[in-house]
Amino acid sequence: VYKRQILFLFNQSLFGGSWMFISVEPKGFAYVFILFAMYYYTVGRFKAMLIYLILASYFHVLVGAYAFIFIIASLLLFGESEHRVKYLKFLGVYFICLLPFIFYLKAAVVNSVDSSPSADWIYSYFRHPHHIGLFKSLSYFYSKHFYGVLLSIFALIFSVYFLKVNTIEKLARLNHFILLSLIGVLIWVVIAFFDTEGVLIKYYPFRVNTLTTFLLTLLFAHFLFAAIRQKYVGIFQLMVVCVSLVFVLKLSKPTLENIYSYLFENAQAELNDIGNYIKENTEKDAVVLSFDSELSINRKMERDRFAVYKFIPADMNKIPEWYERVEFKKNLQSNFNLITEKKDSYQIDYLLSTRNINSKYLELQYSNSMYYLFKIK
């Protein structure tokens, strides 16, 4: 199985940029429970499946919820008709178990702040076009998502064909999930085209793509290996492993570069140096506007960083201010005179840059070979 499933590393989502195995996040733990749930789904142990789906949803509600929706839909549409009442009871139990989480999330998702652009647009198209804002522009869709959507259509055709030729019950259940989830995400592609404000797509309707891709890879690999003559299977498996190892090394390149930089280059030492200086020589409530994209500086200096593009607020009401700050920081890099226009609106005490800046509004406080810390006059 591992020789077949290693193919999944090539592309963990047909489109929408989601993933299952890259870094350690709650989402990754949720997928562990999802895979257990899928196993119990295929062998017909649905109560155990339900328990694991609930656990997955508490680690990552969208990952768990979308998996649950399409599994229950598969059971209702393709399962035994006499058990449909039981499947509907599963739906009720799942909803009741997640009620506390739903109430908790409701306050963050509901937006009561009017802004232009809207918080929905900012979240979907400014911050997450790689995940949900597929139609940020037609050129963006064509360059980033078109071929993935096209692959999904071909995958749907394969799933329909497999539905007709397969005779193995476990694979049939997996295929039912694949078929319905592919139909679901393709319908959402159409909705996304018209949802120009991101009101609906902000709920990540393409998130299930990762699980679908994982199962599709397993199903397609089974179909492919079954179609190859037995004497060539071993050679083909070896080729898959060799090519996959090359891809894994490519995937590991950023991590290996970071390790090399940490061990043999001066960058980490300079980062630690500036972080320690800020931590020890500035007020604890100081705001340091940083132009450096290195995220670990937050942890090292322990100061408010004003605004970071990656860290969009979870509360929709706070998103418009975050967007304004991110845009202000971007414009400030080309016109430092803007700092005076916002000094009454924002608290900005220091500016951290990787280059020296000559401005009458800035006073150099500290520097090393890589970083410059300025105090705002």
# chains A, B, ... in the order shown; residues from 1 in each chain; ligands from 1

call {"tool": "residues_around", "arguments": {"residues": "stretch 319-328 of chain A", "least_positions_apart": "6", "cutoff": "10 Å", "atoms": "only C-alpha atoms", "output": "ChimeraX atom specification"}}
result
/A:111,113-123,126-127,306-309,311-313,338-339,342,346

call {"tool": "write_last_selection", "arguments": {"atoms": "N, CA, C and O atoms", "output": "tab-separated table (two decimals), in the first residue's frame"}}
result
chain	number	residue	atom	x	y	z
A	111	ASN	N	-20.02	38.59	10.96
A	111	ASN	CA	-19.37	39.89	10.79
A	111	ASN	C	-20.40	41.01	10.91
A	111	ASN	O	-21.38	41.05	10.18
A	113	VAL	N	-19.26	44.34	11.07
A	113	VAL	CA	-18.55	45.56	10.71
A	113	VAL	C	-18.69	45.81	9.21
A	113	VAL	O	-18.35	44.96	8.39
A	114	ASP	N	-19.19	46.98	8.85
A	114	ASP	CA	-19.29	47.36	7.44
A	114	ASP	C	-17.96	47.97	7.01
A	114	ASP	O	-17.42	48.86	7.68
A	115	SER	N	-17.43	47.49	5.91
A	115	SER	CA	-16.15	48.01	5.42
A	115	SER	C	-16.09	47.85	3.92
A	115	SER	O	-16.84	47.07	3.32
A	116	SER	N	-15.19	48.57	3.34
A	116	SER	CA	-14.95	48.46	1.90
A	116	SER	C	-13.43	48.42	1.67
A	116	SER	O	-12.73	49.38	1.99
A	117	PRO	N	-12.93	47.30	1.15
A	117	PRO	CA	-13.65	46.07	0.78
A	117	PRO	C	-14.18	45.34	2.00
A	117	PRO	O	-13.75	45.59	3.12
A	118	SER	N	-15.11	44.42	1.76
A	118	SER	CA	-15.74	43.70	2.86
A	118	SER	C	-14.77	42.71	3.50
A	118	SER	O	-13.78	42.28	2.88
A	119	ALA	N	-15.07	42.34	4.74
A	119	ALA	CA	-14.24	41.35	5.44
A	119	ALA	C	-14.23	40.01	4.70
A	119	ALA	O	-13.21	39.33	4.66
A	120	ASP	N	-15.37	39.66	4.10
A	120	ASP	CA	-15.45	38.40	3.34
A	120	ASP	C	-14.50	38.44	2.14
A	120	ASP	O	-13.80	37.46	1.87
A	121	TRP	N	-14.48	39.56	1.42
A	121	TRP	CA	-13.60	39.68	0.26
A	121	TRP	C	-12.14	39.65	0.69
A	121	TRP	O	-11.31	38.98	0.06
A	122	ILE	N	-11.83	40.36	1.75
A	122	ILE	CA	-10.44	40.39	2.24
A	122	ILE	C	-9.99	38.98	2.59
A	122	ILE	O	-8.89	38.54	2.21
A	123	TYR	N	-10.83	38.26	3.32
A	123	TYR	CA	-10.47	36.91	3.76
A	123	TYR	C	-10.33	35.96	2.58
A	123	TYR	O	-9.38	35.17	2.51
A	126	PHE	N	-8.14	38.44	-0.86
A	126	PHE	CA	-6.87	39.10	-0.56
A	126	PHE	C	-5.91	38.15	0.15
A	126	PHE	O	-4.73	38.10	-0.17
A	127	ARG	N	-6.43	37.41	1.12
A	127	ARG	CA	-5.55	36.54	1.93
A	127	ARG	C	-5.51	35.10	1.44
A	127	ARG	O	-4.47	34.45	1.52
A	306	PHE	N	2.71	44.76	14.75
A	306	PHE	CA	1.83	45.69	14.04
A	306	PHE	C	0.89	44.96	13.09
A	306	PHE	O	-0.33	45.01	13.26
A	307	ALA	N	1.41	44.29	12.09
A	307	ALA	CA	0.58	43.53	11.14
A	307	ALA	C	1.47	42.56	10.37
A	307	ALA	O	2.55	42.93	9.91
A	308	VAL	N	1.00	41.31	10.25
A	308	VAL	CA	1.71	40.29	9.48
A	308	VAL	C	0.72	39.68	8.51
A	308	VAL	O	-0.37	39.24	8.92
A	309	TYR	N	1.06	39.64	7.23
A	309	TYR	CA	0.14	39.15	6.20
A	309	TYR	C	-0.34	37.73	6.49
A	309	TYR	O	-1.51	37.41	6.30
A	311	PHE	N	-0.78	36.21	9.30
A	311	PHE	CA	-1.62	36.04	10.49
A	311	PHE	C	-2.87	36.90	10.42
A	311	PHE	O	-2.99	37.92	11.10
A	312	ILE	N	-3.83	36.48	9.61
A	312	ILE	CA	-5.10	37.18	9.52
A	312	ILE	C	-5.95	36.83	10.75
A	312	ILE	O	-5.94	35.68	11.20
A	313	PRO	N	-6.65	37.77	11.34
A	313	PRO	CA	-7.45	37.47	12.53
A	313	PRO	C	-8.52	36.43	12.26
A	313	PRO	O	-9.09	36.36	11.16
A	338	LEU	N	4.61	58.54	5.03
A	338	LEU	CA	3.28	58.11	5.48
A	338	LEU	C	3.23	57.85	6.98
A	338	LEU	O	2.16	57.84	7.57
A	339	ILE	N	4.40	57.65	7.58
A	339	ILE	CA	4.43	57.36	9.01
A	339	ILE	C	3.83	58.48	9.83
A	339	ILE	O	3.24	58.27	10.89
A	342	LYS	N	-0.21	58.53	10.01
A	342	LYS	CA	-0.90	57.54	10.84
A	342	LYS	C	-0.41	57.52	12.29
A	342	LYS	O	-0.81	56.65	13.05
A	346	TYR	N	-2.25	54.93	14.75
A	346	TYR	CA	-1.57	53.71	15.14
A	346	TYR	C	-0.45	54.02	16.12
A	346	TYR	O	0.21	55.04	16.04

call {"tool": "atom_distance", "arguments": {"atom1": "atom CA of A:Phe68", "atom2": "atom CA of A:Met49"}}
result
9.4 Å

call {"tool": "residues_around", "arguments": {"residues": "A:Ser74", "least_positions_apart": "4", "cutoff": "7 Å", "atoms": "only C-alpha atoms", "output": "JSON, numbers by chain"}}
result
{"A": [70, 78, 176, 177]}

call {"tool": "write_last_selection", "arguments": {"atoms": "all heavy atoms", "output": "compact mmCIF listing (two decimals), in the first residue's frame"}}
result
# COMPACT_ATOMS: atom_id res chain seq x y z
N PHE A 70 -19.81 14.16 3.37
CA PHE A 70 -19.75 13.31 2.17
C PHE A 70 -19.81 11.82 2.51
O PHE A 70 -20.30 11.02 1.70
CB PHE A 70 -18.51 13.64 1.35
CG PHE A 70 -18.62 14.96 0.63
CD1 PHE A 70 -17.87 16.06 1.05
CD2 PHE A 70 -19.48 15.12 -0.44
CE1 PHE A 70 -17.99 17.29 0.40
CE2 PHE A 70 -19.60 16.33 -1.09
CZ PHE A 70 -18.86 17.42 -0.66
N PHE A 78 -25.92 5.38 -1.36
CA PHE A 78 -25.46 4.08 -1.86
C PHE A 78 -25.61 2.95 -0.84
O PHE A 78 -25.43 1.78 -1.20
CB PHE A 78 -23.99 4.17 -2.28
CG PHE A 78 -23.74 5.12 -3.42
CD1 PHE A 78 -23.21 6.38 -3.21
CD2 PHE A 78 -24.03 4.74 -4.73
CE1 PHE A 78 -22.97 7.25 -4.25
CE2 PHE A 78 -23.81 5.61 -5.80
CZ PHE A 78 -23.27 6.87 -5.56
N HIS A 176 -17.53 5.73 -3.70
CA HIS A 176 -18.76 6.52 -3.47
C HIS A 176 -18.41 7.88 -2.86
O HIS A 176 -18.95 8.90 -3.26
CB HIS A 176 -19.71 5.76 -2.53
CG HIS A 176 -20.20 4.48 -3.10
ND1 HIS A 176 -20.69 3.45 -2.31
CD2 HIS A 176 -20.31 4.05 -4.40
CE1 HIS A 176 -21.06 2.45 -3.09
NE2 HIS A 176 -20.84 2.79 -4.36
N PHE A 177 -17.50 7.85 -1.89
CA PHE A 177 -17.05 9.11 -1.27
C PHE A 177 -16.36 9.99 -2.30
O PHE A 177 -16.63 11.20 -2.39
CB PHE A 177 -16.11 8.81 -0.12
CG PHE A 177 -15.57 10.03 0.55
CD1 PHE A 177 -16.22 10.59 1.64
CD2 PHE A 177 -14.41 10.65 0.10
CE1 PHE A 177 -15.73 11.73 2.27
CE2 PHE A 177 -13.92 11.80 0.71
CZ PHE A 177 -14.58 12.34 1.80

call {"tool": "closest_residue", "arguments": {"among": "A:Glu341, A:Asp195, A:Glu80, A:Asp304", "to": "A:Thr282", "atoms": "only C-alpha atoms"}}
result
A:Asp304

call {"tool": "closest_residue", "arguments": {"among": "A:Gly198, A:Ala155, A:Ala192, A:Met316", "to": "A:Leu179", "atoms": "only C-alpha atoms"}}
result
A:Ala155

call {"tool": "select_by_dssp", "arguments": {"residues": "stretch 80-197 of chain A", "states": "alpha helix (DSSP H)", "output": "NGL selection string"}}
result
:A and (84-109 or 119-121 or 138-144 or 146-165 or 169-194)

call {"tool": "write_last_selection", "arguments": {"atoms": "C-alpha atoms", "output": "PDB file, in the first residue's frame"}}
result
ATOM      1  CA  ARG A  84     -31.082   5.082   6.339  1.00  0.00           C
ATOM      2  CA  VAL A  85     -32.816   5.955   9.608  1.00  0.00           C
ATOM      3  CA  LYS A  86     -29.650   4.871  11.432  1.00  0.00           C
ATOM      4  CA  TYR A  87     -27.523   7.070   9.172  1.00  0.00           C
ATOM      5  CA  LEU A  88     -29.793  10.039   9.893  1.00  0.00           C
ATOM      6  CA  LYS A  89     -29.350   9.356  13.608  1.00  0.00           C
ATOM      7  CA  PHE A  90     -25.590   9.582  13.047  1.00  0.00           C
ATOM      8  CA  LEU A  91     -26.228  13.027  11.585  1.00  0.00           C
ATOM      9  CA  GLY A  92     -28.111  14.082  14.721  1.00  0.00           C
ATOM     10  CA  VAL A  93     -25.470  12.681  17.106  1.00  0.00           C
ATOM     11  CA  TYR A  94     -22.680  14.425  15.199  1.00  0.00           C
ATOM     12  CA  PHE A  95     -24.515  17.759  15.286  1.00  0.00           C
ATOM     13  CA  ILE A  96     -25.268  17.501  19.019  1.00  0.00           C
ATOM     14  CA  CYS A  97     -21.650  16.611  19.840  1.00  0.00           C
ATOM     15  CA  LEU A  98     -20.414  19.638  17.914  1.00  0.00           C
ATOM     16  CA  LEU A  99     -22.936  22.132  19.314  1.00  0.00           C
ATOM     17  CA  PRO A 100     -20.496  23.647  21.867  1.00  0.00           C
ATOM     18  CA  PHE A 101     -17.921  24.135  19.118  1.00  0.00           C
ATOM     19  CA  ILE A 102     -20.517  25.639  16.763  1.00  0.00           C
ATOM     20  CA  PHE A 103     -21.591  28.210  19.370  1.00  0.00           C
ATOM     21  CA  TYR A 104     -17.951  29.058  20.013  1.00  0.00           C
ATOM     22  CA  LEU A 105     -17.215  29.630  16.317  1.00  0.00           C
ATOM     23  CA  LYS A 106     -20.401  31.538  15.578  1.00  0.00           C
ATOM     24  CA  ALA A 107     -19.203  34.722  17.283  1.00  0.00           C
ATOM     25  CA  ALA A 108     -16.023  34.778  15.199  1.00  0.00           C
ATOM     26  CA  VAL A 109     -17.648  34.008  11.846  1.00  0.00           C
ATOM     27  CA  ALA A 119     -14.238  41.355   5.442  1.00  0.00           C
ATOM     28  CA  ASP A 120     -15.445  38.405   3.336  1.00  0.00           C
ATOM     29  CA  TRP A 121     -13.596  39.681   0.256  1.00  0.00           C
ATOM     30  CA  LEU A 138      -9.530  34.917 -14.717  1.00  0.00           C
ATOM     31  CA  SER A 139      -5.796  35.007 -15.333  1.00  0.00           C
ATOM     32  CA  TYR A 140      -5.173  33.963 -11.725  1.00  0.00           C
ATOM     33  CA  PHE A 141      -7.647  31.089 -12.039  1.00  0.00           C
ATOM     34  CA  TYR A 142      -6.022  29.906 -15.262  1.00  0.00           C
ATOM     35  CA  SER A 143      -2.484  30.039 -13.855  1.00  0.00           C
ATOM     36  CA  LYS A 144      -3.200  28.553 -10.414  1.00  0.00           C
ATOM     37  CA  PHE A 146      -7.519  25.665 -14.018  1.00  0.00           C
ATOM     38  CA  TYR A 147      -5.523  22.481 -14.548  1.00  0.00           C
ATOM     39  CA  GLY A 148      -6.478  21.203 -11.098  1.00  0.00           C
ATOM     40  CA  VAL A 149     -10.159  21.721 -11.866  1.00  0.00           C
ATOM     41  CA  LEU A 150      -9.645  19.996 -15.212  1.00  0.00           C
ATOM     42  CA  LEU A 151      -7.978  17.074 -13.429  1.00  0.00           C
ATOM     43  CA  SER A 152     -10.983  16.906 -11.106  1.00  0.00           C
ATOM     44  CA  ILE A 153     -13.293  16.528 -14.098  1.00  0.00           C
ATOM     45  CA  PHE A 154     -11.137  13.678 -15.440  1.00  0.00           C
ATOM     46  CA  ALA A 155     -11.089  12.152 -11.946  1.00  0.00           C
ATOM     47  CA  LEU A 156     -14.883  12.300 -11.866  1.00  0.00           C
ATOM     48  CA  ILE A 157     -15.045  10.463 -15.200  1.00  0.00           C
ATOM     49  CA  PHE A 158     -12.666   7.815 -13.819  1.00  0.00           C
ATOM     50  CA  SER A 159     -14.788   7.478 -10.674  1.00  0.00           C
ATOM     51  CA  VAL A 160     -17.966   6.931 -12.720  1.00  0.00           C
ATOM     52  CA  TYR A 161     -16.144   4.300 -14.808  1.00  0.00           C
ATOM     53  CA  PHE A 162     -14.783   2.593 -11.668  1.00  0.00           C
ATOM     54  CA  LEU A 163     -18.307   2.540 -10.247  1.00  0.00           C
ATOM     55  CA  LYS A 164     -19.353   0.327 -13.143  1.00  0.00           C
ATOM     56  CA  VAL A 165     -16.391  -2.087 -13.268  1.00  0.00           C
ATOM     57  CA  GLU A 169     -17.152  -3.664  -1.651  1.00  0.00           C
ATOM     58  CA  LYS A 170     -14.472  -1.761   0.304  1.00  0.00           C
ATOM     59  CA  LEU A 171     -13.218  -0.014  -2.823  1.00  0.00           C
ATOM     60  CA  ALA A 172     -16.800   0.700  -3.825  1.00  0.00           C
ATOM     61  CA  ARG A 173     -17.370   2.613  -0.575  1.00  0.00           C
ATOM     62  CA  LEU A 174     -14.216   4.637  -1.104  1.00  0.00           C
ATOM     63  CA  ASN A 175     -15.320   5.384  -4.639  1.00  0.00           C
ATOM     64  CA  HIS A 176     -18.757   6.517  -3.465  1.00  0.00           C
ATOM     65  CA  PHE A 177     -17.053   9.107  -1.274  1.00  0.00           C
ATOM     66  CA  ILE A 178     -14.734  10.165  -4.114  1.00  0.00           C
ATOM     67  CA  LEU A 179     -17.609  10.465  -6.583  1.00  0.00           C
ATOM     68  CA  LEU A 180     -19.808  12.624  -4.344  1.00  0.00           C
ATOM     69  CA  SER A 181     -16.979  14.824  -3.082  1.00  0.00           C
ATOM     70  CA  LEU A 182     -15.772  15.503  -6.632  1.00  0.00           C
ATOM     71  CA  ILE A 183     -19.298  16.445  -7.688  1.00  0.00           C
ATOM     72  CA  GLY A 184     -19.524  18.644  -4.608  1.00  0.00           C
ATOM     73  CA  VAL A 185     -16.297  20.581  -5.169  1.00  0.00           C
ATOM     74  CA  LEU A 186     -17.021  21.044  -8.884  1.00  0.00           C
ATOM     75  CA  ILE A 187     -20.419  22.532  -8.018  1.00  0.00           C
ATOM     76  CA  TRP A 188     -18.585  24.856  -5.630  1.00  0.00           C
ATOM     77  CA  VAL A 189     -16.272  25.944  -8.443  1.00  0.00           C
ATOM     78  CA  VAL A 190     -19.353  27.262 -10.254  1.00  0.00           C
ATOM     79  CA  ILE A 191     -20.572  28.948  -7.065  1.00  0.00           C
ATOM     80  CA  ALA A 192     -17.124  30.484  -6.534  1.00  0.00           C
ATOM     81  CA  PHE A 193     -17.297  32.108  -9.975  1.00  0.00           C
ATOM     82  CA  PHE A 194     -20.373  34.072  -8.917  1.00  0.00           C
TER      83      PHE A 194
END

call {"tool": "residues_around", "arguments": {"residues": "A:Asn356", "least_positions_apart": "6", "cutoff": "12 Å", "atoms": "only C-alpha atoms", "output": "list in words"}}
result
Phe291, Gln333, Leu362, Glu363, Leu364, Gln365, Tyr366, Ser367, Asn368, Ser369, Met370, Tyr371, Tyr372, Leu373 and Phe374 of chain A

call {"tool": "atom_distance", "arguments": {"atom1": "atom CA of A:Tyr204", "atom2": "atom CA of A:Glu294"}}
result
26.7 Å

call {"tool": "residues_around", "arguments": {"residues": "A:Asn335", "least_positions_apart": "4", "cutoff": "12 Å", "atoms": "only C-alpha atoms", "output": "number ranges by chain"}}
result
A: 328-331, 339-341, 357-359, 361

call {"tool": "write_last_selection", "arguments": {"atoms": "N, CA, C and O atoms", "output": "compact mmCIF listing (two decimals), in the first residue's frame"}}
result
# COMPACT_ATOMS: atom_id res chain seq x y z
N PHE A 328 -1.11 49.56 4.67
CA PHE A 328 -0.30 50.68 5.13
C PHE A 328 1.17 50.29 5.18
O PHE A 328 2.06 51.04 4.74
N LYS A 329 1.46 49.10 5.71
CA LYS A 329 2.85 48.65 5.79
C LYS A 329 3.46 48.49 4.40
O LYS A 329 4.64 48.83 4.18
N LYS A 330 2.68 47.98 3.46
CA LYS A 330 3.17 47.83 2.09
C LYS A 330 3.49 49.18 1.46
O LYS A 330 4.54 49.36 0.84
N ASN A 331 2.60 50.15 1.62
CA ASN A 331 2.81 51.49 1.04
C ASN A 331 3.94 52.23 1.74
O ASN A 331 4.63 53.05 1.12
N ILE A 339 4.40 57.65 7.58
CA ILE A 339 4.43 57.36 9.01
C ILE A 339 3.83 58.48 9.83
O ILE A 339 3.24 58.27 10.89
N THR A 340 3.95 59.72 9.33
CA THR A 340 3.41 60.87 10.06
C THR A 340 1.89 60.95 9.93
O THR A 340 1.22 61.47 10.81
N GLU A 341 1.35 60.43 8.84
CA GLU A 341 -0.09 60.50 8.62
C GLU A 341 -0.86 59.58 9.56
O GLU A 341 -2.04 59.83 9.85
N ILE A 357 17.72 52.74 6.17
CA ILE A 357 16.74 53.68 5.63
C ILE A 357 17.11 55.09 6.06
O ILE A 357 17.32 55.33 7.26
N ASN A 358 17.18 55.95 5.11
CA ASN A 358 17.51 57.35 5.40
C ASN A 358 16.21 58.17 5.39
O ASN A 358 15.65 58.45 4.35
N SER A 359 15.75 58.52 6.57
CA SER A 359 14.51 59.29 6.69
C SER A 359 14.59 60.16 7.94
O SER A 359 15.11 59.74 8.98
N TYR A 361 12.29 60.89 9.79
CA TYR A 361 11.35 60.41 10.79
C TYR A 361 11.87 59.20 11.56
O TYR A 361 11.21 58.72 12.47

call {"tool": "residues_around", "arguments": {"residues": "A:Asn276", "least_positions_apart": "6", "cutoff": "12 Å", "atoms": "only C-alpha atoms", "output": "ChimeraX atom specification"}}
result
/A:269-270,282,297-303,366

call {"tool": "residues_around", "arguments": {"residues": "A:Ser57", "least_positions_apart": "6", "cutoff": "8 Å", "atoms": "only C-alpha atoms", "output": "list in words"}}
result
Ala30, Val63, Gly64, Ala65 and Leu98 of chain A

call {"tool": "atom_distance", "arguments": {"atom1": "atom CA of A:Gly17", "atom2": "atom CA of A:His131"}}
result
5.4 Å
